[in-house]
>>> print(open('work-v3.csv').read())   # CSV, C-alpha atoms
chain,number,residue,atom,x,y,z
A,1,TRP,CA,0.0,0.0,0.0
A,2,LEU,CA,2.8,2.4,0.8
A,3,GLY,CA,4.4,1.6,-2.5
A,4,GLN,CA,1.1,2.5,-4.3
A,5,MET,CA,0.7,5.8,-2.4
A,6,LYS,CA,3.9,7.1,-3.9
A,7,THR,CA,1.8,7.8,-7.0
A,8,GLN,CA,-1.0,9.5,-5.1
A,9,VAL,CA,0.5,12.0,-2.6
A,10,ARG,CA,3.4,14.4,-2.2
A,11,GLN,CA,6.8,13.4,-0.9
A,12,ASN,CA,6.4,15.1,2.5
A,13,THR,CA,3.0,13.3,2.9
A,14,MET,CA,4.8,10.0,2.1
A,15,ASP,CA,7.4,10.8,4.7
A,16,GLY,CA,4.6,11.2,7.3
A,17,TYR,CA,3.1,7.9,6.3
A,18,ARG,CA,6.4,6.0,6.6
A,19,TYR,CA,7.2,7.6,9.9
A,20,ALA,CA,3.9,6.7,11.4
A,21,PHE,CA,4.2,3.1,10.1
A,22,GLU,CA,7.8,2.5,11.2
A,23,LYS,CA,7.6,4.4,14.5
A,24,HIS,CA,4.1,3.6,15.8
A,25,ILE,CA,2.1,1.1,13.7
A,26,ARG,CA,4.5,-1.7,12.8
A,27,PRO,CA,6.0,-2.1,16.4
A,28,PHE,CA,2.6,-2.5,18.0
A,29,PHE,CA,1.2,-5.1,15.5
A,30,ASP,CA,4.5,-7.0,15.1
A,31,ALA,CA,4.5,-7.6,18.8
A,32,ARG,CA,1.1,-9.2,18.5
A,33,GLY,CA,2.2,-11.3,15.5
A,34,MET,CA,-0.9,-10.1,13.6
A,35,THR,CA,-1.6,-10.7,10.0
A,36,LEU,CA,-4.3,-9.5,7.7
A,37,ALA,CA,-6.0,-12.9,8.1
A,38,THR,CA,-6.0,-12.7,11.9
A,39,ALA,CA,-6.7,-8.9,12.3
A,40,ARG,CA,-9.8,-8.1,14.5
A,41,PRO,CA,-11.5,-4.8,15.2
A,42,MET,CA,-10.4,-5.1,18.8
A,43,ASP,CA,-6.7,-5.0,17.8
A,44,PHE,CA,-7.2,-1.6,16.3
A,45,GLN,CA,-9.2,-0.3,19.3
A,46,ASP,CA,-6.3,-1.6,21.5
A,47,PHE,CA,-3.9,0.3,19.3
A,48,VAL,CA,-5.8,3.6,19.7
A,49,ASN,CA,-6.2,3.1,23.5
A,50,PHE,CA,-2.5,2.3,23.9
A,51,LYS,CA,-1.4,5.4,22.0
A,52,PHE,CA,-3.7,7.5,24.1
A,53,GLU,CA,-2.3,6.0,27.3
A,54,GLN,CA,1.2,6.9,26.0
A,55,GLY,CA,0.2,10.5,25.9
A,56,LEU,CA,-0.2,11.0,22.2
A,57,SER,CA,-2.6,13.7,21.1
A,58,PRO,CA,-6.0,12.8,19.7
A,59,THR,CA,-5.0,14.4,16.4
A,60,SER,CA,-1.9,12.2,16.0
A,61,ILE,CA,-3.9,9.1,16.9
A,62,ALA,CA,-6.6,10.0,14.4
A,63,LYS,CA,-3.9,10.4,11.7
A,64,PHE,CA,-2.4,6.9,12.5
A,65,HIS,CA,-5.9,5.4,12.4
A,66,SER,CA,-6.6,7.1,9.1
A,67,ILE,CA,-3.4,5.6,7.6
A,68,MET,CA,-4.3,2.1,8.8
A,69,HIS,CA,-7.9,2.4,7.6
A,70,LYS,CA,-6.8,3.5,4.1
A,71,CYS,CA,-4.4,0.6,3.9
A,72,LEU,CA,-7.0,-1.9,4.9
A,73,LYS,CA,-9.6,-0.4,2.6
A,74,TYR,CA,-7.2,-1.0,-0.2
A,75,ALA,CA,-6.8,-4.6,1.0
A,76,VAL,CA,-10.6,-5.0,0.8
A,77,ALA,CA,-10.7,-3.5,-2.7
A,78,LEU,CA,-8.1,-6.1,-3.8
A,79,GLN,CA,-10.3,-8.8,-2.2
A,80,ILE,CA,-7.5,-9.8,0.2
A,81,ILE,CA,-9.9,-9.5,3.2
A,82,PRO,CA,-13.7,-9.3,3.2
A,83,ASN,CA,-14.1,-6.2,5.3
A,84,ASN,CA,-12.1,-3.5,7.0
A,85,PRO,CA,-11.3,-4.4,10.7
A,86,ALA,CA,-10.4,-0.7,11.4
A,87,ASP,CA,-14.0,0.3,10.9
A,88,ASN,CA,-16.0,1.4,13.9
A,89,VAL,CA,-13.0,2.2,16.1
A,90,MET,CA,-13.8,4.7,18.7
A,91,LEU,CA,-11.2,7.5,18.6
A,92,PRO,CA,-10.5,9.9,21.5
A,93,LYS,CA,-12.3,13.2,21.1
A,94,ARG,CA,-10.3,16.0,19.5
A,95,ARG,CA,-10.5,19.5,20.7
A,96,ARG,CA,-11.3,22.0,18.0
A,97,PHE,CA,-8.4,24.3,17.3
A,98,ARG,CA,-9.0,27.9,18.2
A,99,GLY,CA,-6.0,30.1,17.3
A,100,GLN,CA,-5.7,33.8,17.9
A,101,VAL,CA,-6.6,36.3,15.2
A,102,TYR,CA,-5.9,39.9,14.8
A,103,ASP,CA,-8.6,42.5,14.8
A,104,ARG,CA,-8.5,45.3,12.2
A,105,ALA,CA,-6.3,47.6,14.3
A,106,GLN,CA,-3.8,44.9,15.2
A,107,LEU,CA,-3.6,43.8,11.6
A,108,ASN,CA,-2.8,47.3,10.4
A,109,VAL,CA,0.0,47.5,13.0
A,110,PHE,CA,1.4,44.2,11.8
A,111,LEU,CA,1.2,45.2,8.1
A,112,ALA,CA,2.9,48.5,8.8
A,113,ALA,CA,5.7,46.8,10.7
A,114,ALA,CA,6.3,44.2,8.0
A,115,LEU,CA,6.5,46.8,5.3
A,116,GLN,CA,9.4,48.5,7.0
A,117,SER,CA,11.7,45.7,5.6
A,118,PRO,CA,11.7,44.5,2.0
A,119,ALA,CA,12.6,41.0,3.3
A,120,GLU,CA,9.3,40.9,5.2
A,121,ALA,CA,7.1,41.7,2.2
A,122,ALA,CA,6.3,38.0,2.1
A,123,PHE,CA,4.5,38.3,5.4
A,124,VAL,CA,2.3,41.1,4.0
A,125,LEU,CA,1.4,39.0,1.0
A,126,ALA,CA,0.6,36.0,3.3
A,127,ALA,CA,-1.6,38.1,5.6
A,128,SER,CA,-3.3,39.7,2.6
A,129,TYR,CA,-4.2,36.4,0.9
A,130,GLY,CA,-4.1,33.8,3.6
A,131,LEU,CA,-1.4,31.8,1.9
A,132,ARG,CA,0.1,28.7,3.4
A,133,ARG,CA,3.8,28.6,4.3
A,134,SER,CA,4.6,26.3,1.5
A,135,GLU,CA,2.7,28.4,-1.0
A,136,CYS,CA,4.3,31.6,0.0
A,137,ALA,CA,7.8,30.1,0.0
A,138,GLY,CA,7.3,28.6,-3.4
A,139,LEU,CA,5.7,31.6,-5.1
A,140,ARG,CA,7.4,32.2,-8.5
A,141,TRP,CA,7.5,35.2,-10.8
A,142,SER,CA,5.9,33.1,-13.5
A,143,ALA,CA,2.8,33.0,-11.3
A,144,ILE,CA,2.3,36.7,-11.4
A,145,ASP,CA,0.4,38.2,-14.3
A,146,PHE,CA,0.5,42.0,-14.0
A,147,ARG,CA,-1.6,42.6,-17.2
A,148,ALA,CA,-4.4,40.3,-16.0
A,149,ARG,CA,-3.9,41.4,-12.4
A,150,ARG,CA,-3.8,37.9,-11.0
A,151,MET,CA,-1.6,35.5,-9.1
A,152,VAL,CA,-1.7,31.7,-9.6
A,153,ILE,CA,-1.0,29.4,-6.6
A,154,ASN,CA,0.4,26.3,-8.3
A,155,HIS,CA,3.9,25.7,-7.0
A,156,THR,CA,5.1,25.0,-3.4
A,157,ALA,CA,8.3,24.5,-1.5
A,158,ILE,CA,8.0,21.6,0.9
A,159,LEU,CA,10.5,20.0,3.4
A,160,SER,CA,11.2,16.3,3.0
A,161,ASN,CA,13.9,14.5,5.0
A,162,GLY,CA,15.8,17.8,5.5
A,163,ARG,CA,15.7,18.7,1.8
A,164,ILE,CA,13.6,21.4,0.2
A,165,LEU,CA,11.6,20.1,-2.7
A,166,TYR,CA,10.0,22.4,-5.3
A,167,VAL,CA,6.9,20.8,-6.7
A,168,ASP,CA,4.4,21.9,-9.3
A,169,ASN,CA,1.5,20.7,-7.2
A,170,VAL,CA,-0.2,22.0,-4.2
A,171,LYS,CA,-1.8,20.4,-1.1
A,172,THR,CA,-5.0,19.4,-2.7
A,173,ARG,CA,-6.8,20.1,-6.0
A,174,SER,CA,-8.7,22.8,-4.4
A,175,SER,CA,-5.5,24.5,-3.3
A,176,TYR,CA,-4.7,25.3,-7.0
A,177,ARG,CA,-6.3,28.7,-7.4
A,178,THR,CA,-6.1,32.0,-9.1
A,179,LEU,CA,-6.2,35.1,-6.9
A,180,PRO,CA,-6.9,38.7,-8.0
A,181,LEU,CA,-4.2,41.3,-7.4
A,182,ASN,CA,-5.3,44.6,-6.0
A,183,ASN,CA,-3.4,47.9,-6.5
A,184,GLU,CA,-1.5,47.7,-3.2
A,185,THR,CA,-0.3,44.2,-3.8
A,186,MET,CA,0.8,45.0,-7.3
A,187,GLN,CA,2.8,48.0,-6.0
A,188,LEU,CA,4.4,45.8,-3.3
A,189,ILE,CA,5.4,43.1,-5.8
A,190,HIS,CA,6.9,45.8,-8.1
A,191,THR,CA,9.3,46.8,-5.3
A,192,LEU,CA,10.8,43.3,-5.0
A,193,PRO,CA,14.1,42.4,-6.8
A,194,HIS,CA,13.6,40.3,-9.9
A,195,ASP,CA,16.9,38.4,-9.7
A,196,SER,CA,15.5,34.9,-9.0
A,197,LEU,CA,12.8,32.6,-10.2
A,198,TYR,CA,11.1,33.1,-6.8
A,199,LEU,CA,9.6,36.2,-5.3
A,200,PHE,CA,11.0,35.6,-1.8
A,201,PRO,CA,14.4,33.7,-2.3
A,202,ASN,CA,17.2,33.2,0.2
A,203,ALA,CA,20.7,34.4,-0.4
A,204,ASN,CA,21.3,31.7,-3.0
A,205,GLY,CA,18.3,32.6,-5.0
A,206,GLU,CA,16.3,29.6,-3.9
A,207,PRO,CA,13.1,29.6,-1.9
A,208,HIS,CA,13.1,29.5,1.8
A,209,SER,CA,12.0,26.3,3.5
A,210,PRO,CA,8.6,26.5,5.2
A,211,ASN,CA,10.4,26.1,8.6
A,212,SER,CA,12.8,29.0,7.8
A,213,TRP,CA,9.9,31.1,6.7
A,214,SER,CA,8.1,30.4,10.0
A,215,GLN,CA,11.3,31.3,12.0
A,216,LYS,CA,11.6,34.7,10.1
A,217,LEU,CA,8.0,35.4,10.8
A,218,GLY,CA,8.5,34.5,14.5
A,219,ARG,CA,11.3,37.0,14.8
A,220,CYS,CA,9.2,39.7,13.1
A,221,MET,CA,6.4,39.0,15.4
A,222,CYS,CA,8.6,39.2,18.5
A,223,ARG,CA,10.0,42.6,17.4
A,224,LEU,CA,6.4,43.8,16.8
A,225,ASN,CA,5.2,42.6,20.2
A,226,GLU,CA,8.1,44.3,22.0
A,227,ALA,CA,7.1,47.6,20.4
A,228,HIS,CA,3.4,47.0,20.6
A,229,PRO,CA,2.6,44.6,23.5
A,230,GLU,CA,-1.1,44.9,22.7
A,231,VAL,CA,-0.4,43.0,19.4
A,232,PRO,CA,-0.1,39.2,20.1
A,233,ILE,CA,2.4,36.9,18.5
A,234,LEU,CA,0.7,34.8,15.8
A,235,THR,CA,1.9,31.8,13.8
A,236,ALA,CA,1.8,31.7,10.1
A,237,HIS,CA,-1.4,29.5,10.3
A,238,GLU,CA,-3.0,32.1,12.6
A,239,LEU,CA,-2.4,34.8,10.0
A,240,ARG,CA,-4.3,32.5,7.7
A,241,HIS,CA,-7.1,32.4,10.3
A,242,THR,CA,-7.0,36.2,10.5
A,243,TYR,CA,-7.6,36.4,6.7
A,244,GLY,CA,-10.6,34.1,6.7
A,245,THR,CA,-12.1,35.9,9.7
A,246,TYR,CA,-11.6,39.3,8.2
A,247,LEU,CA,-13.3,38.2,4.9
A,248,ARG,CA,-16.3,36.8,6.8
A,249,ARG,CA,-16.7,39.9,9.0
A,250,HIS,CA,-16.8,42.1,5.8
A,251,GLY,CA,-19.6,40.1,4.2
A,252,ALA,CA,-17.9,37.4,2.1
A,253,ASP,CA,-19.9,34.2,2.0
A,254,ILE,CA,-18.3,30.9,3.2
A,255,TYR,CA,-18.1,29.5,-0.4
A,256,THR,CA,-16.1,32.5,-1.5
A,257,ILE,CA,-13.8,32.2,1.5
A,258,GLN,CA,-13.3,28.5,0.8
A,259,LYS,CA,-12.2,29.3,-2.8
A,260,LEU,CA,-9.8,32.1,-1.7
A,261,LEU,CA,-8.2,29.9,1.0
A,262,GLY,CA,-8.0,26.8,-1.2
A,263,HIS,CA,-9.9,24.4,1.1
A,264,LYS,CA,-11.1,21.1,-0.1
A,265,ASP,CA,-13.8,20.9,2.6
A,266,ILE,CA,-16.1,23.8,3.2
A,267,ASN,CA,-16.7,22.6,6.7
A,268,VAL,CA,-13.0,23.3,7.5
A,269,THR,CA,-13.6,26.9,6.3
A,270,ALA,CA,-16.7,27.3,8.4
A,271,GLU,CA,-15.6,25.6,11.6
A,272,ILE,CA,-11.9,26.2,11.9
A,273,TYR,CA,-10.8,29.3,10.0
A,274,VAL,CA,-13.7,31.7,10.5
A,275,HIS,CA,-13.9,32.6,14.2
A,276,ASN,CA,-17.1,33.8,15.8
A,277,GLU,CA,-15.7,36.8,17.6
A,278,LEU,CA,-17.5,38.5,20.4
A,279,ASP,CA,-17.6,41.7,18.4
A,280,THR,CA,-19.4,39.9,15.6
A,281,LEU,CA,-22.0,38.5,17.9
A,282,ARG,CA,-22.4,41.9,19.6
A,283,GLU,CA,-23.1,43.5,16.2
A,284,ALA,CA,-25.7,40.9,15.4
A,285,VAL,CA,-27.5,41.4,18.7
A,286,THR,CA,-27.3,45.2,18.3
A,287,ALA,CA,-28.8,45.0,14.8
A,288,LEU,CA,-31.6,42.9,16.1
A,289,GLU,CA,-32.3,45.3,18.9
A,290,ASN,CA,-32.3,48.2,16.5
A,291,ARG,CA,-34.8,46.5,14.2
A,292,ALA,CA,-37.1,45.7,17.2
A,293,ALA,CA,-36.9,49.4,18.3
A,294,ALA,CA,-37.7,50.6,14.8
A,295,ALA,CA,-40.7,48.3,14.6
A,296,LYS,CA,-42.2,49.9,17.7
>>> encode(input="work-v3.csv", output="structure tokens")
Amino acid sequence: WLGQMKTQVRQNTMDGYRYAFEKHIRPFFDARGMTLATARPMDFQDFVNFKFEQGLSPTSIAKFHSIMHKCLKYAVALQIIPNNPADNVMLPKRRRFRGQVYDRAQLNVFLAAALQSPAEAAFVLAASYGLRRSECAGLRWSAIDFRARRMVINHTAILSNGRILYVDNVKTRSSYRTLPLNNETMQLIHTLPHDSLYLFPNANGEPHSPNSWSQKLGRCMCRLNEAHPEVPILTAHELRHTYGTYLRRHGADIYTIQKLLGHKDINVTAEIYVHNELDTLREAVTALENRAAAAK
């Protein structure tokens, strides 16, 4: 199954599959001497319970189970086994991630601080379009069309076994998207040096790794927080959350936000990236009160 998956997923995803198999899955089931023929649903429930007792997070356990389930589903498709013994396993409940987001004032402070250094223009673009780390690190000049005023997200820089791989595919089919360029973004891009294939290269002209990109963002955030303690330190992913939340608060529908962020599942957009802030709820209650008052 792992051999087949080489043709289906990106290299860094394969690295994750192999790590999970060698580090967690194989040792547990080898110790039981289990084969496909002898596998029972209880074996997979025991695996989940054991990993939970080891202190692994519900998210990690769910990923391991997903890998096993996909593998066994393939075995069913090949008619090696009649049914999937990993079905109906009860997984530990996952807590929904609730990261921080900037309000409008905080976002303006961040954008102004990032614009003070040409090296930090990447952060402005990421915050303005909710780009993933890999998408921002892999953004090439060939993706920018000034005449059509658009930017195509179709190339990423991913980290695999300590090496940066430049790939002409993105996380999912939905991640491949064309984004409109506004005047401010076009002016910003025009200020960047055009001496590399990539908009935001390192000293060698190659794209930064996603981890390097996060480290640079972290240092920028720390400097910002020292000067403006009221502005919290956010991760790259929380900047993405901020973008989705900002769009929603300014009237964009969930379907449009899904397209702009490049999500495969619209439920991810609705439940994780768009935060129901207290101010938004207060505005809704106030609007309702005003309508009631006007009706009287």
>>> residues_near_point(input="work-v3.csv", point="(5.0, 44.8, -0.5)", cutoff="10 Å", atoms="all atoms listed in the file", output="list in words")
Leu111, Ala114, Leu115, Gln116, Ser117, Pro118, Ala119, Glu120, Ala121, Ala122, Phe123, Val124, Leu125, Glu184, Thr185, Met186, Gln187, Leu188, Ile189, His190, Thr191 and Leu192 of chain A
>>> residues_around(input="work-v3.csv", residues="Thr256 (chain A)", least_positions_apart="5", cutoff="12 Å", atoms="only C-alpha atoms", output="JSON, numbers by chain")
{"A": [179, 244, 247, 248, 251, 261, 262, 263, 266, 269, 270]}
>>> closest_residue(input="work-v3.csv", among="A:Lys73, A:His237, A:Lys259, A:His228", to="Tyr176 (chain A)", atoms="all atoms listed in the file")
A:Lys259
>>> residues_around(input="work-v3.csv", residues="region 34-49 of chain A", least_positions_apart="3", cutoff="8 Å", atoms="only C-alpha atoms", output="ChimeraX atom specification")
/A:28-31,52-53,61,65,81,85-91
>>> closest_residue(input="work-v3.csv", among="A:Gly205, A:Pro180, A:Pro92, A:Pro229", to="Ala62 (chain A)", atoms="all atoms listed in the file")
A:Pro92
